[in-house]
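Trainee: Quick one: the structure is below, questions incoming.
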Amino acid sequence: MVLLPCPLEAGWEVVQHQVLPRATDDGRVLGGFSAMVADAAGQRLWLLSDAPEPFTVVLEGQGTPPRLRWQPQAPQPLKGAPLTPLDGEALVTTGGPTGLRWWMASEGRLNPEQPAELLQLDRPAAMAGLRVLGRYPLPDDWQPRPGRGLRPNGGPEALVPLPGERLLIAAEAPLQQDPPDRLRLLLADTRHGVRYQPLAPTIAFRPAPGAEAHWGLTELVALPGGRLLALWRGYAPPDRWWTRLELLPALAPGTAATTPLQPLAAWDLQAAGLAADNWEGMAPGPPLQGDRASFWLVSDDNFNPLQANRVALIAPRRVPGCSGP
């Protein structure tokens, strides 16, 4: 399977792009899609909205490459959600000895009623949506506080399933007490409840020129061998957007915290043809002709009429005769 451009400088192709409706047939507003999960075949997508009352919608794909078919069904609210506000920014599934489990990261605010937390979910057979099973606030040094912790509206934005029923958690931007060029990571062991463990190294934080005030990591996807694809988003008023994809090396246990992960390659996805917007979610897609992998992307319209709900499929370009990764 061709997972990356070959050579790396070949970049990415936008295979498909769709703009989704802003409302269901019966008038219910849709939007705020900040994360997604794809099934094993990459043909069915669950989109998570970061609305104050989070909900999911399902898209089905058909063909190769799959063309998404919008299901005009009602969005599915999160069942068993707490009365306190949530801001769902990441959604993943893991496969443990008890079967498939769902996990959501909720962004924190500068108030005790909305901590940054990890939520365990499930999808009962009798339900179309997801249900909250447990809530696990992030460690205290991650909680948004004046001068410390996550920045307001600063994540966590990325979850990555790892072997051994663990989750890698990444902030959107450096914590307030950390150096401005380092992005902190956190490990969650979910075998028995949730136990958190800080990680070293950090990720190098390199905003695009002009996007420094609104630059952040919006998604991480694991590749075989432990490498990571990192999706970065930037914004400058009134309507300038940046979308960068980076290849990061695998996390090496024991690496010094003073050595942040530096990108092995980076690509400007808008230069490749991706629409300029607030791209926040990414998930593995289906295999394409030519044995190429693909990846789904979803944008968050912020419920702003000047933006759109977008879904795109990207794939690595391969130069004939290239024998690289």
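Letters A, B, ... mark the chains of the structure tokens in the order given; residue numbers begin at 1 per chain; ligand numbers begin at 1, in order shown.
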Skipping near chain neighbours, those fewer than 4 positions away, what residues fall within 7 Å of Val160 (chain A) using only C-alpha atoms, listed as a list in words?

Mentor: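 Here the answer would be Leu167, Leu168, Ile169, Leu220, Val221 and Ala222 of chain A.
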
Trainee: List the neighbours of Ala211 (chain A) out to 10 Å using only C-alpha atoms; skip same-chain residues closer than 2 positions along the sequence, and give me the result as a list in words.

Mentor: Arg206, Pro207, Ala208, Pro209, Ala213, His214, Trp215, Gly216, Arg233, Gly234, Tyr235, Ala236, Pro237, Arg240, Trp241 and Trp242 of chain A

Trainee: Could you give me, as a ChimeraX atom specification, the residues within 10 Å of Gly95 (chain A), counting only C-alpha atoms and dropping anything in the same chain fewer than 6 positions from it?

Mentor: /A:101-102,161,163-165

Trainee: For Ala40 (chain A), which residue out of A:Ala250, A:Leu100, A:Glu219, A:Asn302 is the nearest one, using only C-alpha atoms?

Mentor: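 Of A:Ala250, A:Leu100, A:Glu219, A:Asn302, the one nearest Ala40 (chain A), counting only C-alpha atoms, is A:Leu100.
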
Trainee: Can you pull out the residues contacting Gly273 (chain A)? Cut-off 10 Å, using only C-alpha atoms, and skip same-chain residues under 5 positions away; I want them as a list in words.

Mentor: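 Contacts, with the query itself left out: Trp12, Glu13, Val14, Val15, His17, Asp268 and Ile314 of chain A.
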
Trainee: In terms of the shortest atom-to-atom distance over only C-alpha atoms, which of A:Thr243, A:Thr259, A:Thr24, A:Gln114 is closest to Pro52 (chain A)?

Mentor: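 Once distances to Pro52 (chain A) are computed over only C-alpha atoms, the minimum belongs to A:Gln114.
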
Trainee: In region 41-257 of chain A, what's helix (DSSP H, G or I) per DSSP? Answer as a ChimeraX atom specification?

Mentor: /A:140-142,212-214,224-226

Trainee: What's the 8 Å shell around Gly129 (chain A), counting only C-alpha atoms, without same-chain residues fewer than 3 positions away, as a PyMOL selection string?

Mentor: chain A and resi 55-56+76-79+123

Trainee: Write a file of the selected residues as a JSON list (two decimals), in the first residue's frame, keeping all heavy atoms.

Mentor:
```json
[["chain", "number", "residue", "atom", "x", "y", "z"],
["A", 55, "PHE", "N", -23.37, 16.19, 18.53],
["A", 55, "PHE", "CA", -24.14, 15.20, 17.81],
["A", 55, "PHE", "C", -23.26, 14.60, 16.71],
["A", 55, "PHE", "O", -22.20, 15.16, 16.36],
["A", 55, "PHE", "CB", -25.43, 15.78, 17.21],
["A", 55, "PHE", "CG", -25.21, 16.89, 16.21],
["A", 55, "PHE", "CD1", -24.95, 16.63, 14.87],
["A", 55, "PHE", "CD2", -25.30, 18.22, 16.61],
["A", 55, "PHE", "CE1", -24.76, 17.65, 13.95],
["A", 55, "PHE", "CE2", -25.12, 19.25, 15.70],
["A", 55, "PHE", "CZ", -24.85, 18.97, 14.37],
["A", 56, "THR", "N", -23.68, 13.47, 16.18],
["A", 56, "THR", "CA", -22.98, 12.82, 15.07],
["A", 56, "THR", "C", -23.94, 12.67, 13.90],
["A", 56, "THR", "O", -25.15, 12.58, 14.06],
["A", 56, "THR", "CB", -22.45, 11.44, 15.47],
["A", 56, "THR", "OG1", -23.51, 10.63, 15.95],
["A", 56, "THR", "CG2", -21.36, 11.56, 16.54],
["A", 76, "GLN", "N", -27.70, 12.71, 15.34],
["A", 76, "GLN", "CA", -27.87, 11.90, 16.54],
["A", 76, "GLN", "C", -27.19, 12.58, 17.73],
["A", 76, "GLN", "O", -25.95, 12.66, 17.78],
["A", 76, "GLN", "CB", -27.29, 10.51, 16.33],
["A", 76, "GLN", "CG", -27.95, 9.73, 15.20],
["A", 76, "GLN", "CD", -29.42, 9.47, 15.48],
["A", 76, "GLN", "OE1", -29.80, 9.14, 16.60],
["A", 76, "GLN", "NE2", -30.25, 9.63, 14.46],
["A", 77, "PRO", "N", -27.95, 13.10, 18.71],
["A", 77, "PRO", "CA", -27.31, 13.74, 19.87],
["A", 77, "PRO", "C", -26.59, 12.71, 20.72],
["A", 77, "PRO", "O", -26.90, 11.51, 20.70],
["A", 77, "PRO", "CB", -28.49, 14.36, 20.61],
["A", 77, "PRO", "CG", -29.68, 13.54, 20.20],
["A", 77, "PRO", "CD", -29.41, 13.11, 18.79],
["A", 78, "LEU", "N", -25.62, 13.18, 21.46],
["A", 78, "LEU", "CA", -24.86, 12.33, 22.38],
["A", 78, "LEU", "C", -25.76, 11.96, 23.55],
["A", 78, "LEU", "O", -26.23, 12.83, 24.29],
["A", 78, "LEU", "CB", -23.62, 13.10, 22.86],
["A", 78, "LEU", "CG", -22.43, 12.30, 23.36],
["A", 78, "LEU", "CD1", -21.87, 11.41, 22.25],
["A", 78, "LEU", "CD2", -21.34, 13.26, 23.85],
["A", 79, "LYS", "N", -26.01, 10.68, 23.73],
["A", 79, "LYS", "CA", -26.89, 10.22, 24.80],
["A", 79, "LYS", "C", -26.12, 10.18, 26.12],
["A", 79, "LYS", "O", -24.92, 9.89, 26.14],
["A", 79, "LYS", "CB", -27.45, 8.84, 24.49],
["A", 79, "LYS", "CG", -28.21, 8.75, 23.17],
["A", 79, "LYS", "CD", -29.47, 9.58, 23.20],
["A", 79, "LYS", "CE", -30.27, 9.39, 21.92],
["A", 79, "LYS", "NZ", -31.50, 10.20, 21.89],
["A", 123, "ARG", "N", -21.66, 2.60, 21.33],
["A", 123, "ARG", "CA", -22.74, 2.71, 20.33],
["A", 123, "ARG", "C", -23.59, 1.45, 20.44],
["A", 123, "ARG", "O", -23.36, 0.47, 19.73],
["A", 123, "ARG", "CB", -22.16, 2.88, 18.93],
["A", 123, "ARG", "CG", -23.20, 3.23, 17.88],
["A", 123, "ARG", "CD", -22.54, 3.67, 16.58],
["A", 123, "ARG", "NE", -21.78, 2.60, 15.95],
["A", 123, "ARG", "CZ", -22.28, 1.75, 15.05],
["A", 123, "ARG", "NH1", -23.54, 1.84, 14.68],
["A", 123, "ARG", "NH2", -21.52, 0.83, 14.50]]
```

Trainee: So that I can see what lies close to Asp189 (chain A), please list as a ChimeraX atom specification the residues with an atom at most 10 Å from it, counting only C-alpha atoms and leaving out residues fewer than 2 positions away in the same chain.

Mentor: /A:162,164-168,187,191-197

Trainee: Could you write out that same residue set with C-alpha atoms as a short mmCIF file (atom, residue, chain, number, x, y, z; two decimals), in the first residue's frame?

Mentor:
```cif
data_model
loop_
_atom_site.label_atom_id
_atom_site.label_comp_id
_atom_site.auth_asym_id
_atom_site.auth_seq_id
_atom_site.Cartn_x
_atom_site.Cartn_y
_atom_site.Cartn_z
CA LEU A 162 -1.84 3.13 20.15
CA GLY A 164 -1.93 -1.80 24.32
CA GLU A 165 -5.23 0.09 24.63
CA ARG A 166 -3.52 3.45 24.91
CA LEU A 167 -4.40 6.82 23.48
CA LEU A 168 -2.02 9.59 22.45
CA LEU A 187 -0.58 9.28 27.06
CA ARG A 191 -6.97 -0.78 30.10
CA HIS A 192 -8.47 -0.23 33.57
CA GLY A 193 -10.21 3.12 33.69
CA VAL A 194 -7.91 5.90 32.48
CA ARG A 195 -4.41 6.66 33.76
CA TYR A 196 -2.48 9.61 32.33
CA GLN A 197 1.25 9.77 31.71
#
```
